[in-house]
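Trainee: Input protein02.cif, format and content: mmCIF, N, CA and C atoms.
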```
data_work
loop_
_atom_site.label_atom_id
_atom_site.label_comp_id
_atom_site.auth_asym_id
_atom_site.auth_seq_id
_atom_site.Cartn_x
_atom_site.Cartn_y
_atom_site.Cartn_z
N MET A 627 0.68 90.41 -4.28
CA MET A 627 1.28 89.70 -3.18
C MET A 627 0.51 88.40 -2.99
N SER A 628 1.23 87.36 -2.63
CA SER A 628 0.57 86.09 -2.37
C SER A 628 1.12 85.48 -1.09
N PHE A 629 0.39 84.49 -0.60
CA PHE A 629 0.74 83.77 0.61
C PHE A 629 0.84 82.30 0.28
N ILE A 630 1.80 81.62 0.90
CA ILE A 630 1.97 80.18 0.70
C ILE A 630 1.54 79.48 1.98
N LEU A 631 0.60 78.56 1.85
CA LEU A 631 0.12 77.76 2.97
C LEU A 631 0.80 76.39 2.86
N ILE A 632 1.53 76.01 3.88
CA ILE A 632 2.29 74.77 3.86
C ILE A 632 1.61 73.76 4.79
N PRO A 633 1.08 72.67 4.22
CA PRO A 633 0.39 71.68 5.05
C PRO A 633 1.37 70.71 5.70
N GLN A 634 0.91 70.04 6.74
CA GLN A 634 1.69 68.94 7.32
C GLN A 634 1.71 67.76 6.35
N HIS A 635 0.62 67.59 5.60
CA HIS A 635 0.48 66.50 4.62
C HIS A 635 -0.04 67.09 3.32
N GLY A 636 0.59 66.77 2.21
CA GLY A 636 0.08 67.21 0.92
C GLY A 636 0.86 68.36 0.33
N GLU A 637 0.27 68.96 -0.69
CA GLU A 637 0.91 70.01 -1.48
C GLU A 637 0.63 71.40 -0.90
N ASP A 638 1.60 72.30 -1.04
CA ASP A 638 1.42 73.70 -0.67
C ASP A 638 0.31 74.32 -1.51
N VAL A 639 -0.31 75.34 -0.97
CA VAL A 639 -1.30 76.12 -1.70
C VAL A 639 -0.86 77.57 -1.67
N LYS A 640 -0.95 78.22 -2.82
CA LYS A 640 -0.63 79.64 -2.94
C LYS A 640 -1.92 80.41 -3.16
N VAL A 641 -2.10 81.48 -2.41
CA VAL A 641 -3.31 82.30 -2.51
C VAL A 641 -2.92 83.77 -2.58
N ASN A 642 -3.64 84.53 -3.40
CA ASN A 642 -3.34 85.96 -3.49
C ASN A 642 -3.95 86.69 -2.29
N ALA A 643 -3.42 87.87 -2.04
CA ALA A 643 -3.89 88.66 -0.90
C ALA A 643 -5.34 89.08 -1.05
N TRP A 644 -5.80 89.24 -2.29
CA TRP A 644 -7.19 89.66 -2.53
C TRP A 644 -8.17 88.65 -1.96
N ASN A 645 -7.86 87.36 -2.04
CA ASN A 645 -8.69 86.31 -1.47
C ASN A 645 -8.34 86.04 0.00
N TRP A 646 -7.05 86.14 0.33
CA TRP A 646 -6.59 85.74 1.66
C TRP A 646 -7.04 86.70 2.77
N ARG A 647 -6.97 87.99 2.53
CA ARG A 647 -7.33 88.96 3.58
C ARG A 647 -8.77 88.77 4.07
N PRO A 648 -9.77 88.69 3.19
CA PRO A 648 -11.13 88.47 3.70
C PRO A 648 -11.31 87.08 4.31
N THR A 649 -10.52 86.11 3.86
CA THR A 649 -10.57 84.78 4.47
C THR A 649 -10.14 84.88 5.93
N LEU A 650 -9.05 85.60 6.17
CA LEU A 650 -8.58 85.79 7.55
C LEU A 650 -9.61 86.54 8.39
N LEU A 651 -10.22 87.56 7.80
CA LEU A 651 -11.26 88.30 8.52
C LEU A 651 -12.42 87.39 8.90
N LEU A 652 -12.80 86.51 7.99
CA LEU A 652 -13.88 85.56 8.25
C LEU A 652 -13.50 84.61 9.38
N LEU A 653 -12.28 84.08 9.35
CA LEU A 653 -11.82 83.17 10.41
C LEU A 653 -11.73 83.87 11.76
N ARG A 654 -11.31 85.13 11.74
CA ARG A 654 -11.21 85.90 12.98
C ARG A 654 -12.61 86.18 13.54
N ALA A 655 -13.54 86.58 12.66
CA ALA A 655 -14.91 86.88 13.10
C ALA A 655 -15.59 85.64 13.67
N ALA A 656 -15.21 84.46 13.19
CA ALA A 656 -15.78 83.20 13.68
C ALA A 656 -15.03 82.67 14.90
N ASN A 657 -14.05 83.42 15.40
CA ASN A 657 -13.22 83.03 16.54
C ASN A 657 -12.48 81.72 16.31
N LEU A 658 -12.11 81.46 15.07
CA LEU A 658 -11.33 80.26 14.76
C LEU A 658 -9.84 80.53 14.89
N ILE A 659 -9.45 81.80 14.81
CA ILE A 659 -8.07 82.22 15.08
C ILE A 659 -8.14 83.44 15.99
N ASP A 660 -7.08 83.62 16.79
CA ASP A 660 -7.06 84.79 17.68
C ASP A 660 -6.35 85.96 16.98
N GLU A 661 -6.28 87.08 17.65
CA GLU A 661 -5.69 88.29 17.07
C GLU A 661 -4.23 88.08 16.69
N ASN A 662 -3.47 87.38 17.52
CA ASN A 662 -2.06 87.13 17.22
C ASN A 662 -1.92 86.26 15.97
N GLU A 663 -2.70 85.19 15.88
CA GLU A 663 -2.66 84.33 14.70
C GLU A 663 -3.08 85.11 13.45
N TYR A 664 -4.09 85.95 13.60
CA TYR A 664 -4.55 86.79 12.49
C TYR A 664 -3.40 87.66 11.97
N GLU A 665 -2.66 88.28 12.88
CA GLU A 665 -1.54 89.14 12.49
C GLU A 665 -0.43 88.33 11.83
N LEU A 666 -0.05 87.21 12.42
CA LEU A 666 1.02 86.38 11.86
C LEU A 666 0.66 85.81 10.49
N MET A 667 -0.58 85.37 10.34
CA MET A 667 -1.02 84.77 9.09
C MET A 667 -1.25 85.80 7.99
N GLY A 668 -1.33 87.06 8.37
CA GLY A 668 -1.60 88.11 7.41
C GLY A 668 -0.38 88.90 6.97
N ALA A 669 0.79 88.52 7.47
CA ALA A 669 2.03 89.22 7.10
C ALA A 669 3.02 88.20 6.54
N ASN A 670 3.57 88.48 5.40
CA ASN A 670 4.53 87.56 4.78
C ASN A 670 5.79 87.44 5.61
N GLY A 671 6.27 86.21 5.75
CA GLY A 671 7.53 85.95 6.41
C GLY A 671 7.49 85.95 7.91
N CYS A 672 6.32 86.06 8.52
CA CYS A 672 6.21 86.13 9.98
C CYS A 672 5.89 84.79 10.63
N GLY A 673 5.73 83.75 9.84
CA GLY A 673 5.41 82.44 10.40
C GLY A 673 3.93 82.33 10.67
N GLY A 674 3.61 81.71 11.76
CA GLY A 674 2.22 81.44 12.08
C GLY A 674 1.89 80.01 11.72
N SER A 675 0.93 79.46 12.42
CA SER A 675 0.54 78.08 12.14
C SER A 675 -0.87 77.82 12.65
N VAL A 676 -1.44 76.74 12.13
CA VAL A 676 -2.75 76.27 12.55
C VAL A 676 -2.59 74.78 12.79
N ASP A 677 -2.96 74.30 13.98
CA ASP A 677 -2.81 72.87 14.26
C ASP A 677 -3.92 72.08 13.55
N ALA A 678 -3.77 70.76 13.59
CA ALA A 678 -4.71 69.88 12.88
C ALA A 678 -6.14 70.05 13.37
N GLU A 679 -6.31 70.20 14.67
CA GLU A 679 -7.67 70.36 15.22
C GLU A 679 -8.31 71.65 14.71
N THR A 680 -7.56 72.74 14.73
CA THR A 680 -8.10 74.02 14.25
C THR A 680 -8.38 73.96 12.75
N ALA A 681 -7.49 73.33 11.99
CA ALA A 681 -7.72 73.18 10.55
C ALA A 681 -9.02 72.43 10.30
N GLY A 682 -9.30 71.40 11.10
CA GLY A 682 -10.57 70.66 10.98
C GLY A 682 -11.76 71.53 11.32
N ARG A 683 -11.63 72.38 12.34
CA ARG A 683 -12.72 73.29 12.70
C ARG A 683 -12.96 74.32 11.60
N ILE A 684 -11.87 74.79 10.98
CA ILE A 684 -12.01 75.73 9.86
C ILE A 684 -12.76 75.07 8.72
N ALA A 685 -12.40 73.84 8.38
CA ALA A 685 -13.08 73.11 7.29
C ALA A 685 -14.56 72.95 7.60
N ALA A 686 -14.89 72.57 8.82
CA ALA A 686 -16.29 72.38 9.21
C ALA A 686 -17.05 73.71 9.15
N PHE A 687 -16.43 74.79 9.61
CA PHE A 687 -17.06 76.11 9.55
C PHE A 687 -17.34 76.51 8.11
N LEU A 688 -16.36 76.34 7.24
CA LEU A 688 -16.55 76.72 5.84
C LEU A 688 -17.64 75.87 5.18
N GLU A 689 -17.71 74.61 5.53
CA GLU A 689 -18.77 73.74 5.00
C GLU A 689 -20.14 74.30 5.36
N ARG A 690 -20.29 74.76 6.59
CA ARG A 690 -21.56 75.37 7.02
C ARG A 690 -21.80 76.69 6.29
N GLN A 691 -20.73 77.43 6.03
CA GLN A 691 -20.83 78.72 5.33
C GLN A 691 -21.42 78.53 3.93
N PHE A 692 -21.12 77.40 3.30
CA PHE A 692 -21.57 77.17 1.93
C PHE A 692 -23.08 76.92 1.83
N THR A 693 -23.74 76.66 2.95
CA THR A 693 -25.20 76.49 2.88
C THR A 693 -25.89 77.81 2.54
N SER A 694 -25.20 78.93 2.75
CA SER A 694 -25.79 80.23 2.45
C SER A 694 -25.08 80.94 1.29
N MET A 695 -24.26 80.19 0.54
CA MET A 695 -23.55 80.75 -0.61
C MET A 695 -23.71 79.84 -1.81
N HIS A 696 -23.43 80.39 -3.00
CA HIS A 696 -23.39 79.55 -4.19
C HIS A 696 -22.19 79.99 -5.05
N PRO A 697 -21.82 79.18 -6.05
CA PRO A 697 -20.57 79.38 -6.78
C PRO A 697 -20.33 80.76 -7.39
N SER A 698 -21.32 81.53 -7.70
CA SER A 698 -21.06 82.84 -8.30
C SER A 698 -20.86 83.94 -7.25
N GLN A 699 -20.87 83.58 -5.98
CA GLN A 699 -20.78 84.58 -4.92
C GLN A 699 -19.37 84.70 -4.36
N ARG A 700 -19.17 85.77 -3.61
CA ARG A 700 -17.91 86.02 -2.93
C ARG A 700 -18.18 86.75 -1.63
N ILE A 701 -17.28 86.60 -0.68
CA ILE A 701 -17.39 87.31 0.60
C ILE A 701 -16.44 88.49 0.54
N ARG A 702 -17.01 89.67 0.72
CA ARG A 702 -16.23 90.90 0.66
C ARG A 702 -15.51 91.14 1.99
N ALA A 703 -14.62 92.12 2.01
CA ALA A 703 -13.83 92.42 3.21
C ALA A 703 -14.69 92.80 4.41
N ASP A 704 -15.90 93.31 4.18
CA ASP A 704 -16.79 93.63 5.30
C ASP A 704 -17.66 92.43 5.68
N LEU A 705 -17.34 91.28 5.11
CA LEU A 705 -17.98 89.98 5.37
C LEU A 705 -19.40 89.88 4.82
N THR A 706 -19.78 90.80 3.95
CA THR A 706 -21.05 90.65 3.26
C THR A 706 -20.85 89.73 2.06
N VAL A 707 -21.90 89.04 1.69
CA VAL A 707 -21.86 88.13 0.55
C VAL A 707 -22.54 88.81 -0.63
N THR A 708 -21.91 88.73 -1.79
CA THR A 708 -22.48 89.33 -2.98
C THR A 708 -22.32 88.41 -4.17
N ASP A 709 -23.23 88.56 -5.13
CA ASP A 709 -23.07 87.83 -6.39
C ASP A 709 -22.75 88.80 -7.52
N ARG A 710 -22.57 90.06 -7.15
CA ARG A 710 -22.18 91.05 -8.15
C ARG A 710 -20.75 90.79 -8.60
N PRO A 711 -20.49 90.73 -9.90
CA PRO A 711 -19.13 90.48 -10.38
C PRO A 711 -18.15 91.53 -9.86
N LYS A 712 -16.95 91.08 -9.59
CA LYS A 712 -15.92 91.99 -9.11
C LYS A 712 -15.56 92.97 -10.21
N GLN A 713 -15.45 94.24 -9.84
CA GLN A 713 -15.11 95.29 -10.79
C GLN A 713 -13.59 95.43 -10.87
N LEU A 714 -13.09 95.61 -12.06
CA LEU A 714 -11.67 95.84 -12.26
C LEU A 714 -11.30 97.19 -11.65
N ALA A 715 -10.30 97.21 -10.81
CA ALA A 715 -9.85 98.45 -10.19
C ALA A 715 -8.76 99.07 -11.05
N VAL A 716 -8.90 100.33 -11.33
CA VAL A 716 -7.90 101.07 -12.10
C VAL A 716 -7.38 102.19 -11.21
N PHE A 717 -6.07 102.20 -11.01
CA PHE A 717 -5.44 103.22 -10.18
C PHE A 717 -4.60 104.12 -11.07
N THR A 718 -4.75 105.40 -10.90
CA THR A 718 -3.98 106.39 -11.64
C THR A 718 -3.29 107.29 -10.64
N PRO A 719 -2.38 108.12 -11.09
CA PRO A 719 -1.75 109.07 -10.16
C PRO A 719 -2.77 110.01 -9.49
N GLU A 720 -3.92 110.17 -10.12
CA GLU A 720 -4.95 111.05 -9.57
C GLU A 720 -5.87 110.33 -8.57
N THR A 721 -5.76 109.01 -8.45
CA THR A 721 -6.63 108.25 -7.54
C THR A 721 -6.37 108.68 -6.10
N LYS A 722 -7.45 108.95 -5.39
CA LYS A 722 -7.36 109.34 -3.98
C LYS A 722 -7.75 108.14 -3.12
N VAL A 723 -7.18 108.08 -1.95
CA VAL A 723 -7.46 106.97 -1.04
C VAL A 723 -8.95 106.82 -0.80
N GLU A 724 -9.65 107.92 -0.63
CA GLU A 724 -11.09 107.86 -0.36
C GLU A 724 -11.89 107.35 -1.55
N ASP A 725 -11.28 107.28 -2.70
CA ASP A 725 -11.96 106.73 -3.89
C ASP A 725 -11.87 105.20 -3.97
N ILE A 726 -11.06 104.61 -3.10
CA ILE A 726 -10.82 103.16 -3.14
C ILE A 726 -11.77 102.46 -2.19
N ASP A 727 -12.50 101.49 -2.70
CA ASP A 727 -13.43 100.70 -1.88
C ASP A 727 -12.74 99.38 -1.52
N ALA A 728 -12.12 99.32 -0.35
CA ALA A 728 -11.40 98.12 0.08
C ALA A 728 -12.32 96.91 0.15
N ASN A 729 -13.58 97.12 0.49
CA ASN A 729 -14.53 96.01 0.54
C ASN A 729 -14.70 95.37 -0.83
N GLU A 730 -14.58 96.17 -1.87
CA GLU A 730 -14.70 95.65 -3.23
C GLU A 730 -13.39 95.02 -3.69
N LEU A 731 -12.27 95.62 -3.32
CA LEU A 731 -10.97 95.08 -3.75
C LEU A 731 -10.71 93.69 -3.18
N TYR A 732 -10.96 93.54 -1.89
CA TYR A 732 -10.68 92.29 -1.20
C TYR A 732 -11.96 91.48 -1.09
N SER A 733 -11.98 90.33 -1.74
CA SER A 733 -13.14 89.44 -1.61
C SER A 733 -12.70 88.01 -1.85
N ALA A 734 -13.18 87.12 -1.02
CA ALA A 734 -12.86 85.69 -1.12
C ALA A 734 -13.94 85.02 -1.95
N THR A 735 -13.53 84.43 -3.05
CA THR A 735 -14.49 83.78 -3.93
C THR A 735 -14.95 82.45 -3.34
N TYR A 736 -16.12 82.06 -3.73
CA TYR A 736 -16.68 80.77 -3.33
C TYR A 736 -15.69 79.65 -3.70
N GLU A 737 -15.16 79.73 -4.91
CA GLU A 737 -14.23 78.69 -5.38
C GLU A 737 -12.98 78.61 -4.51
N TRP A 738 -12.44 79.77 -4.13
CA TRP A 738 -11.27 79.76 -3.24
C TRP A 738 -11.64 79.16 -1.89
N LEU A 739 -12.78 79.54 -1.34
CA LEU A 739 -13.17 79.02 -0.03
C LEU A 739 -13.37 77.51 -0.06
N VAL A 740 -13.90 76.96 -1.16
CA VAL A 740 -14.03 75.51 -1.29
C VAL A 740 -12.64 74.87 -1.32
N MET A 741 -11.73 75.48 -2.08
CA MET A 741 -10.36 74.94 -2.15
C MET A 741 -9.70 74.99 -0.78
N PHE A 742 -9.88 76.09 -0.05
CA PHE A 742 -9.29 76.24 1.27
C PHE A 742 -9.90 75.24 2.25
N LYS A 743 -11.20 75.04 2.17
CA LYS A 743 -11.87 74.04 3.03
C LYS A 743 -11.27 72.66 2.81
N ASP A 744 -11.15 72.27 1.54
CA ASP A 744 -10.58 70.95 1.21
C ASP A 744 -9.13 70.84 1.68
N PHE A 745 -8.38 71.92 1.51
CA PHE A 745 -6.99 71.96 1.95
C PHE A 745 -6.92 71.76 3.47
N CYS A 746 -7.74 72.51 4.22
CA CYS A 746 -7.74 72.39 5.68
C CYS A 746 -8.12 70.99 6.14
N ARG A 747 -9.09 70.40 5.46
CA ARG A 747 -9.59 69.08 5.84
C ARG A 747 -8.49 68.02 5.73
N THR A 748 -7.60 68.13 4.74
CA THR A 748 -6.59 67.09 4.51
C THR A 748 -5.19 67.48 4.96
N SER A 749 -5.01 68.73 5.39
CA SER A 749 -3.67 69.26 5.66
C SER A 749 -2.98 68.69 6.89
N GLY A 750 -3.74 68.31 7.91
CA GLY A 750 -3.12 67.92 9.17
C GLY A 750 -2.56 69.12 9.92
N GLY A 751 -3.03 70.29 9.56
CA GLY A 751 -2.51 71.54 10.11
C GLY A 751 -1.68 72.24 9.05
N LEU A 752 -1.42 73.51 9.26
CA LEU A 752 -0.64 74.24 8.27
C LEU A 752 0.23 75.27 8.93
N ARG A 753 1.22 75.69 8.17
CA ARG A 753 2.13 76.73 8.67
C ARG A 753 2.46 77.67 7.53
N PHE A 754 3.04 78.78 7.90
CA PHE A 754 3.42 79.81 6.95
C PHE A 754 4.92 80.01 7.05
N PRO A 755 5.58 80.22 5.93
CA PRO A 755 7.04 80.38 5.97
C PRO A 755 7.46 81.54 6.86
N LYS A 756 8.55 81.35 7.56
CA LYS A 756 9.14 82.42 8.35
C LYS A 756 10.49 82.72 7.72
N GLN A 757 10.71 83.97 7.40
CA GLN A 757 11.93 84.37 6.74
C GLN A 757 12.81 85.13 7.70
N ARG A 758 14.11 84.97 7.50
CA ARG A 758 15.06 85.79 8.25
C ARG A 758 15.06 87.17 7.62
N ILE A 759 14.80 88.14 8.41
CA ILE A 759 14.75 89.51 7.92
C ILE A 759 15.82 90.31 8.66
N LEU A 760 16.68 90.95 7.91
CA LEU A 760 17.75 91.71 8.54
C LEU A 760 17.30 93.10 8.98
N LEU A 761 16.25 93.60 8.35
CA LEU A 761 15.70 94.90 8.72
C LEU A 761 14.56 94.70 9.69
N PRO A 762 14.21 95.70 10.46
CA PRO A 762 13.05 95.56 11.36
C PRO A 762 11.82 95.15 10.58
N SER A 763 11.05 94.23 11.13
CA SER A 763 9.85 93.75 10.46
C SER A 763 8.64 93.92 11.39
N PRO A 764 7.43 93.75 10.83
CA PRO A 764 6.23 93.89 11.66
C PRO A 764 5.98 92.71 12.57
N CYS A 765 6.77 91.65 12.46
CA CYS A 765 6.54 90.41 13.22
C CYS A 765 6.98 90.55 14.68
#
```
Show how you would write the structure in this file as structure tokens.
Mentor:
Amino acid sequence: MSFILIPQHGEDVKVNAWNWRPTLLLLRAANLIDENEYELMGANGCGGSVDAETAGRIAAFLERQFTSMHPSQRIRADLTVTDRPKQLAVFTPETKVEDIDANELYSATYEWLVMFKDFCRTSGGLRFPKQRILLPSPC
């Protein structure tokens, strides 16, 4: 699954859920987005937006975040930073939920966070597509 970030100015950016989910957790933990924005930005087709001022604050926050990270690192879903390479996840019919480490599956890479910072800095704000859904949705 992927998410499309649509800027007010410039080109759209597409990000996979593996990078996007911990990015949202990081923004939420830093109080850059509220719970409602977190929910809207984390579900496809529900809309959501970030104004230019907030996008600038996100860029500044990420810039500060990089003082304690380097290119081979990533932020895991529990917001810990690691330089351990991501392990390939293999799921079989025998895989049990308790065998899955969500903190390992979802991690935002340093490279993605740099790209997102640059995107926020020049975007003028961003929005997420809202789709017409005929069936009940989580939005």
Trainee: Enumerate, as a count of residues only, the complete set of residues in chain A that a backbone-based DSSP assignment places in strand (DSSP E or B).
Mentor: 24
Trainee: Could you find all residues in stretch 656-693 of chain A that DSSP calls alpha helix (DSSP H) from the backbone, and write them as an NGL selection string?
Mentor: :A and (661-667 or 678-691)
Trainee: So how many Å separate atom CA of A:Asp709 and atom CA of A:Met695, to one decimal?
Mentor: 9.2 Å
Trainee: For atom C of A:Leu631 and atom N of A:Ser694, determine how far apart the two atoms are, in Å to one decimal place.
Mentor: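 Value for the atom C of A:Leu631-atom N of A:Ser694 distance: 26.1 Å.
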Trainee: Check the smallest atom-to-atom distance from each of A:Thr718, A:Asn729, A:Thr748, A:Asn662 to A:Ala678 using only C-alpha atoms, then report the winner.
Mentor: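 Of A:Thr718, A:Asn729, A:Thr748, A:Asn662, the one nearest A:Ala678, counting only C-alpha atoms, is A:Thr748.
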Trainee: Would you compute the distance between atom CA of A:Asp725 and atom CA of A:Asp704? Give it in Å to one decimal.
Mentor: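 We find that atom CA of A:Asp725 and atom CA of A:Asp704 lie 16.7 Å from each other.
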